[in-house]
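Engineer: Got run21.pdb for you, PDB, C-alpha atoms:
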ATOM      1  CA  MET A  15     -52.770 -27.720  22.793
ATOM      2  CA  LYS A  16     -50.311 -24.857  22.402
ATOM      3  CA  LEU A  17     -50.043 -22.983  19.155
ATOM      4  CA  ARG A  18     -46.708 -21.448  18.258
ATOM      5  CA  ARG A  19     -46.694 -18.034  16.801
ATOM      6  CA  ALA A  20     -44.575 -17.446  13.732
ATOM      7  CA  SER A  21     -41.756 -15.047  14.462
ATOM      8  CA  ALA A  22     -42.169 -11.726  12.730
ATOM      9  CA  GLY A  23     -38.483 -10.749  12.230
ATOM     10  CA  PHE A  24     -34.828 -11.452  12.888
ATOM     11  CA  THR A  25     -33.284 -11.650  16.304
ATOM     12  CA  LEU A  26     -30.542  -9.303  17.387
ATOM     13  CA  ILE A  27     -27.981 -12.116  17.233
ATOM     14  CA  GLU A  28     -28.903 -12.945  13.621
ATOM     15  CA  LEU A  29     -28.544  -9.294  12.631
ATOM     16  CA  LEU A  30     -25.156  -8.985  14.342
ATOM     17  CA  VAL A  31     -23.854 -12.146  12.657
ATOM     18  CA  SER A  32     -25.003 -10.804   9.273
ATOM     19  CA  VAL A  33     -23.275  -7.454   9.871
ATOM     20  CA  VAL A  34     -20.027  -9.198  10.894
ATOM     21  CA  ILE A  35     -20.073 -11.388   7.769
ATOM     22  CA  VAL A  36     -20.691  -8.384   5.490
ATOM     23  CA  GLY A  37     -17.885  -6.490   7.272
ATOM     24  CA  LEU A  38     -15.445  -9.365   6.739
ATOM     25  CA  LEU A  39     -16.333  -9.600   3.065
ATOM     26  CA  ALA A  40     -15.876  -5.824   2.646
ATOM     27  CA  SER A  41     -12.502  -5.900   4.419
ATOM     28  CA  VAL A  42     -11.301  -8.452   1.858
ATOM     29  CA  ALA A  43     -12.882  -6.762  -1.180
ATOM     30  CA  VAL A  44     -11.555  -3.212  -0.654
ATOM     31  CA  PRO A  45      -7.825  -4.111  -0.727
ATOM     32  CA  MET A  46      -8.434  -6.366  -3.718
ATOM     33  CA  GLY A  47     -10.136  -3.479  -5.536
ATOM     34  CA  GLU A  48      -7.208  -1.166  -4.761
ATOM     35  CA  LEU A  49      -4.783  -3.808  -6.025
ATOM     36  CA  VAL A  50      -6.719  -4.210  -9.271
ATOM     37  CA  LEU A  51      -6.740  -0.413  -9.739
ATOM     38  CA  GLN A  52      -2.972  -0.192  -9.181
ATOM     39  CA  ARG A  53      -2.337  -3.074 -11.603
ATOM     40  CA  ASN A  54      -4.415  -1.321 -14.271
ATOM     41  CA  GLN A  55      -2.541   1.948 -13.746
ATOM     42  CA  GLU A  56       0.797   0.109 -13.958
ATOM     43  CA  ARG A  57      -0.284  -1.559 -17.201
ATOM     44  CA  ASP A  58      -1.295   1.852 -18.594
ATOM     45  CA  LEU A  59       2.065   3.296 -17.503
ATOM     46  CA  ARG A  60       3.994   0.463 -19.179
ATOM     47  CA  ASP A  61       1.994   0.859 -22.393
ATOM     48  CA  ALA A  62       2.420   4.648 -22.448
ATOM     49  CA  LEU A  63       6.171   4.426 -21.820
ATOM     50  CA  ARG A  64       6.540   1.840 -24.578
ATOM     51  CA  GLU A  65       4.487   3.927 -27.025
ATOM     52  CA  ILE A  66       6.296   7.225 -26.394
ATOM     53  CA  ARG A  67       9.775   5.652 -26.274
ATOM     54  CA  GLY A  68       9.042   3.870 -29.552
ATOM     55  CA  ALA A  69       8.018   7.189 -31.138
ATOM     56  CA  ILE A  70      11.187   8.891 -29.839
ATOM     57  CA  ASP A  71      13.300   6.089 -31.329
ATOM     58  CA  ALA A  72      11.414   6.294 -34.647
ATOM     59  CA  TYR A  73      12.042  10.071 -34.772
ATOM     60  CA  LYS A  74      15.771   9.503 -34.140
ATOM     61  CA  GLN A  75      15.868   6.850 -36.862
ATOM     62  CA  ALA A  76      14.143   9.227 -39.317
ATOM     63  CA  VAL A  77      16.768  11.896 -38.525
ATOM     64  CA  ASP A  78      19.582   9.359 -38.983
ATOM     65  CA  GLU A  79      18.110   8.290 -42.350
ATOM     66  CA  GLY A  80      17.948  11.938 -43.478
ATOM     67  CA  ARG A  81      14.153  12.085 -43.690
ATOM     68  CA  ILE A  82      13.972  14.925 -41.153
ATOM     69  CA  ALA A  83      16.224  17.970 -41.415
ATOM     70  CA  SER A  84      18.436  18.364 -38.374
ATOM     71  CA  ASP A  85      21.329  20.472 -37.212
ATOM     72  CA  LYS A  86      24.546  18.442 -37.444
ATOM     73  CA  LEU A  87      25.464  19.407 -33.873
ATOM     74  CA  ALA A  88      22.085  18.308 -32.503
ATOM     75  CA  SER A  89      21.542  14.880 -30.977
ATOM     76  CA  GLY A  90      18.822  13.942 -33.462
ATOM     77  CA  TYR A  91      16.194  13.412 -30.789
ATOM     78  CA  PRO A  92      12.919  15.381 -30.883
ATOM     79  CA  PRO A  93      13.001  18.865 -29.353
ATOM     80  CA  SER A  94       9.678  18.183 -27.577
ATOM     81  CA  LEU A  95       7.029  15.511 -27.176
ATOM     82  CA  GLN A  96       4.511  17.666 -29.015
ATOM     83  CA  ILE A  97       6.518  17.462 -32.266
ATOM     84  CA  LEU A  98       5.865  13.706 -32.279
ATOM     85  CA  VAL A  99       2.155  14.523 -32.609
ATOM     86  CA  ASP A 100       2.437  17.621 -34.822
ATOM     87  CA  GLY A 101       4.757  15.830 -37.240
ATOM     88  CA  SER A 102       7.933  16.825 -39.033
ATOM     89  CA  THR A 103       8.436  17.658 -42.700
ATOM     90  CA  ASP A 104       9.695  14.711 -44.737
ATOM     91  CA  VAL A 105      12.570  16.184 -46.751
ATOM     92  CA  ARG A 106      12.760  13.105 -49.015
ATOM     93  CA  SER A 107       9.116  13.303 -50.050
ATOM     94  CA  ALA A 108       8.196  14.501 -53.544
ATOM     95  CA  THR A 109       5.513  16.798 -52.139
ATOM     96  CA  LYS A 110       6.665  19.726 -50.031
ATOM     97  CA  ASP A 111       3.937  19.499 -47.404
ATOM     98  CA  SER A 112       4.398  15.814 -46.619
ATOM     99  CA  LYS A 113       4.875  15.183 -42.911
ATOM    100  CA  ILE A 114       5.922  12.206 -40.823
ATOM    101  CA  TYR A 115       3.808  11.627 -37.704
ATOM    102  CA  PHE A 116       5.020   9.479 -34.819
ATOM    103  CA  LEU A 117       2.104   9.652 -32.355
ATOM    104  CA  ARG A 118      -1.622  10.348 -32.668
ATOM    105  CA  ARG A 119      -1.618  11.856 -29.205
ATOM    106  CA  VAL A 120       0.710  11.934 -26.228
ATOM    107  CA  PRO A 121      -0.604   9.478 -23.636
ATOM    108  CA  ARG A 122      -0.752  10.817 -20.101
ATOM    109  CA  ASP A 123       1.087   9.425 -17.113
ATOM    110  CA  PRO A 124      -1.614   7.502 -15.188
ATOM    111  CA  PHE A 125       0.002   8.420 -11.853
ATOM    112  CA  ALA A 126       0.291  12.155 -12.596
ATOM    113  CA  ASP A 127      -1.989  14.923 -11.378
ATOM    114  CA  PRO A 128      -5.163  14.810 -13.527
ATOM    115  CA  GLY A 129      -5.017  18.602 -13.879
ATOM    116  CA  LEU A 130      -1.819  18.427 -15.937
ATOM    117  CA  ASP A 131      -1.910  18.141 -19.700
ATOM    118  CA  PRO A 132      -0.441  14.889 -21.073
ATOM    119  CA  VAL A 133       2.857  16.441 -22.217
ATOM    120  CA  SER A 134       3.471  18.064 -18.812
ATOM    121  CA  SER A 135       2.607  14.871 -16.928
ATOM    122  CA  TRP A 136       5.930  13.263 -17.911
ATOM    123  CA  GLY A 137       9.437  13.916 -16.705
ATOM    124  CA  LYS A 138      11.767  14.457 -19.663
ATOM    125  CA  ARG A 139      15.447  13.587 -19.913
ATOM    126  CA  ALA A 140      17.727  15.299 -22.401
ATOM    127  CA  TYR A 141      20.417  13.415 -24.301
ATOM    128  CA  SER A 142      23.152  15.324 -22.442
ATOM    129  CA  SER A 143      21.633  14.472 -19.040
ATOM    130  CA  PRO A 144      23.024  11.643 -16.898
ATOM    131  CA  PRO A 145      20.647   8.716 -16.270
ATOM    132  CA  ASP A 146      20.864   8.924 -12.479
ATOM    133  CA  ALA A 147      19.978  12.655 -12.427
ATOM    134  CA  PRO A 148      17.671  13.308 -15.407
ATOM    135  CA  GLN A 149      17.341  16.928 -16.524
ATOM    136  CA  GLU A 150      15.296  18.590 -19.255
ATOM    137  CA  GLY A 151      17.242  20.157 -22.094
ATOM    138  CA  SER A 152      17.081  21.011 -25.768
ATOM    139  CA  ASP A 153      15.778  17.574 -26.760
ATOM    140  CA  VAL A 154      13.805  14.620 -25.367
ATOM    141  CA  PHE A 155      15.983  11.518 -25.129
ATOM    142  CA  ASP A 156      13.771   9.654 -22.655
ATOM    143  CA  ILE A 157      10.714  10.092 -20.454
ATOM    144  CA  TYR A 158       9.828   8.867 -16.993
ATOM    145  CA  SER A 159       6.978   8.988 -14.509
ATOM    146  CA  GLN A 160       7.320  11.691 -11.870
ATOM    147  CA  SER A 161       5.325   9.679  -9.323
ATOM    148  CA  PRO A 162       7.089   9.113  -5.984
ATOM    149  CA  GLN A 163       5.206   5.819  -5.529
ATOM    150  CA  THR A 164       6.704   2.355  -5.813
ATOM    151  CA  GLY A 165       5.301  -0.329  -8.105
ATOM    152  CA  LEU A 166       4.029  -3.735  -7.075
ATOM    153  CA  ASN A 167       7.377  -5.145  -8.210
ATOM    154  CA  GLY A 168       9.230  -2.956  -5.661
ATOM    155  CA  VAL A 169      10.739  -0.603  -8.267
ATOM    156  CA  PRO A 170       9.863   3.116  -8.039
ATOM    157  CA  TYR A 171       7.814   4.317 -11.019
ATOM    158  CA  LEU A 172      10.384   6.918 -11.980
ATOM    159  CA  GLN A 173      12.871   4.108 -12.665
ATOM    160  CA  TRP A 174      10.577   2.262 -15.090
TER     161      TRP A 174
END
Give the structure from the file, written as structure tokens.

Structural biologist:
Amino acid sequence: MKLRRASAGFTLIELLVSVVIVGLLASVAVPMGELVLQRNQERDLRDALREIRGAIDAYKQAVDEGRIASDKLASGYPPSLQILVDGSTDVRSATKDSKIYFLRRVPRDPFADPGLDPVSSWGKRAYSSPPDAPQEGSDVFDIYSQSPQTGLNGVPYLQW
């Protein structure tokens, strides 16, 4: 009567099959992880653009309503993004030190260099600047991402 010995480990074929399966799973997971990361950054970009553009519009509306003192020749848009955080004096308020704040902080461009401060991470367009060739000027009419990348929708980030 022959007794069979229990095998003590895996065969080379079993190990190779396992490695191939793990490799296939990793080749599917890595691109999916990159896609999820890009989607999250795009969502952050959309939210930041909406937040800052809303604050710029609120500042312009406050100037138009006469709540913020402005030069009559000026466009009425904020002179910088930082003033949206620092606040502007409310000339209609009963107290002299009353300020109007439009942002708690300037959100950063998620596609910008992490070494830049949030205000410098954005491209700024002045009111007098054409939309197809944005230039900085004496005010901030609009902002845009300076990233040369293209979004998942096929539109470059600087056109968002």

Engineer: Nearest residue to Arg53 (chain A) out of A:Ser152, A:Leu117, A:Asp146, A:Pro124, using all atoms listed in the file?

Structural biologist: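 Ranked by minimum distance to Arg53 (chain A), first place goes to A:Pro124.
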
Engineer: Take CA of Val133 (chain A) and CA of Arg119 (chain A) and report the distance between them in Å, one decimal.

Structural biologist: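 Going from CA of Val133 (chain A) over to CA of Arg119 (chain A) covers 9.5 Å.
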
Engineer: Name all residues at most 10 Å from region 163-167 of chain A (count all atoms listed in the file; drop same-chain ones fewer than 6 positions away) and give them as a PyMOL selection string.

Structural biologist: chain A and resi 49+52-53+55-56+125+173-174

Engineer: With 3 Å added on each side, what axis-aligned box encloses every listed atom of region 146-152 of chain A? Give the centre and edge lengths in Å to one decimal, as JSON.

Structural biologist:
{"center_x": 18.1, "center_y": 15.0, "center_z": -19.1, "size_x": 11.6, "size_y": 18.1, "size_z": 19.3}

Engineer: Which polymer residues have any atom within 7 Å of an atom of Arg81 (chain A), counting only C-alpha atoms, with same-chain residues fewer than 2 positions away left out, as a ChimeraX atom specification?

Structural biologist: /A:76-77,79,83,104-106

Engineer: Kindly export the residues of the current selection with C-alpha atoms, as a PDB file, in the coordinates of the input.

Structural biologist:
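Just written: out04.pdb:
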ATOM      1  CA  ALA A  76      14.143   9.227 -39.317  1.00  0.00           C
ATOM      2  CA  VAL A  77      16.768  11.896 -38.525  1.00  0.00           C
ATOM      3  CA  GLU A  79      18.110   8.290 -42.350  1.00  0.00           C
ATOM      4  CA  ALA A  83      16.224  17.970 -41.415  1.00  0.00           C
ATOM      5  CA  ASP A 104       9.695  14.711 -44.737  1.00  0.00           C
ATOM      6  CA  VAL A 105      12.570  16.184 -46.751  1.00  0.00           C
ATOM      7  CA  ARG A 106      12.760  13.105 -49.015  1.00  0.00           C
TER       8      ARG A 106
END
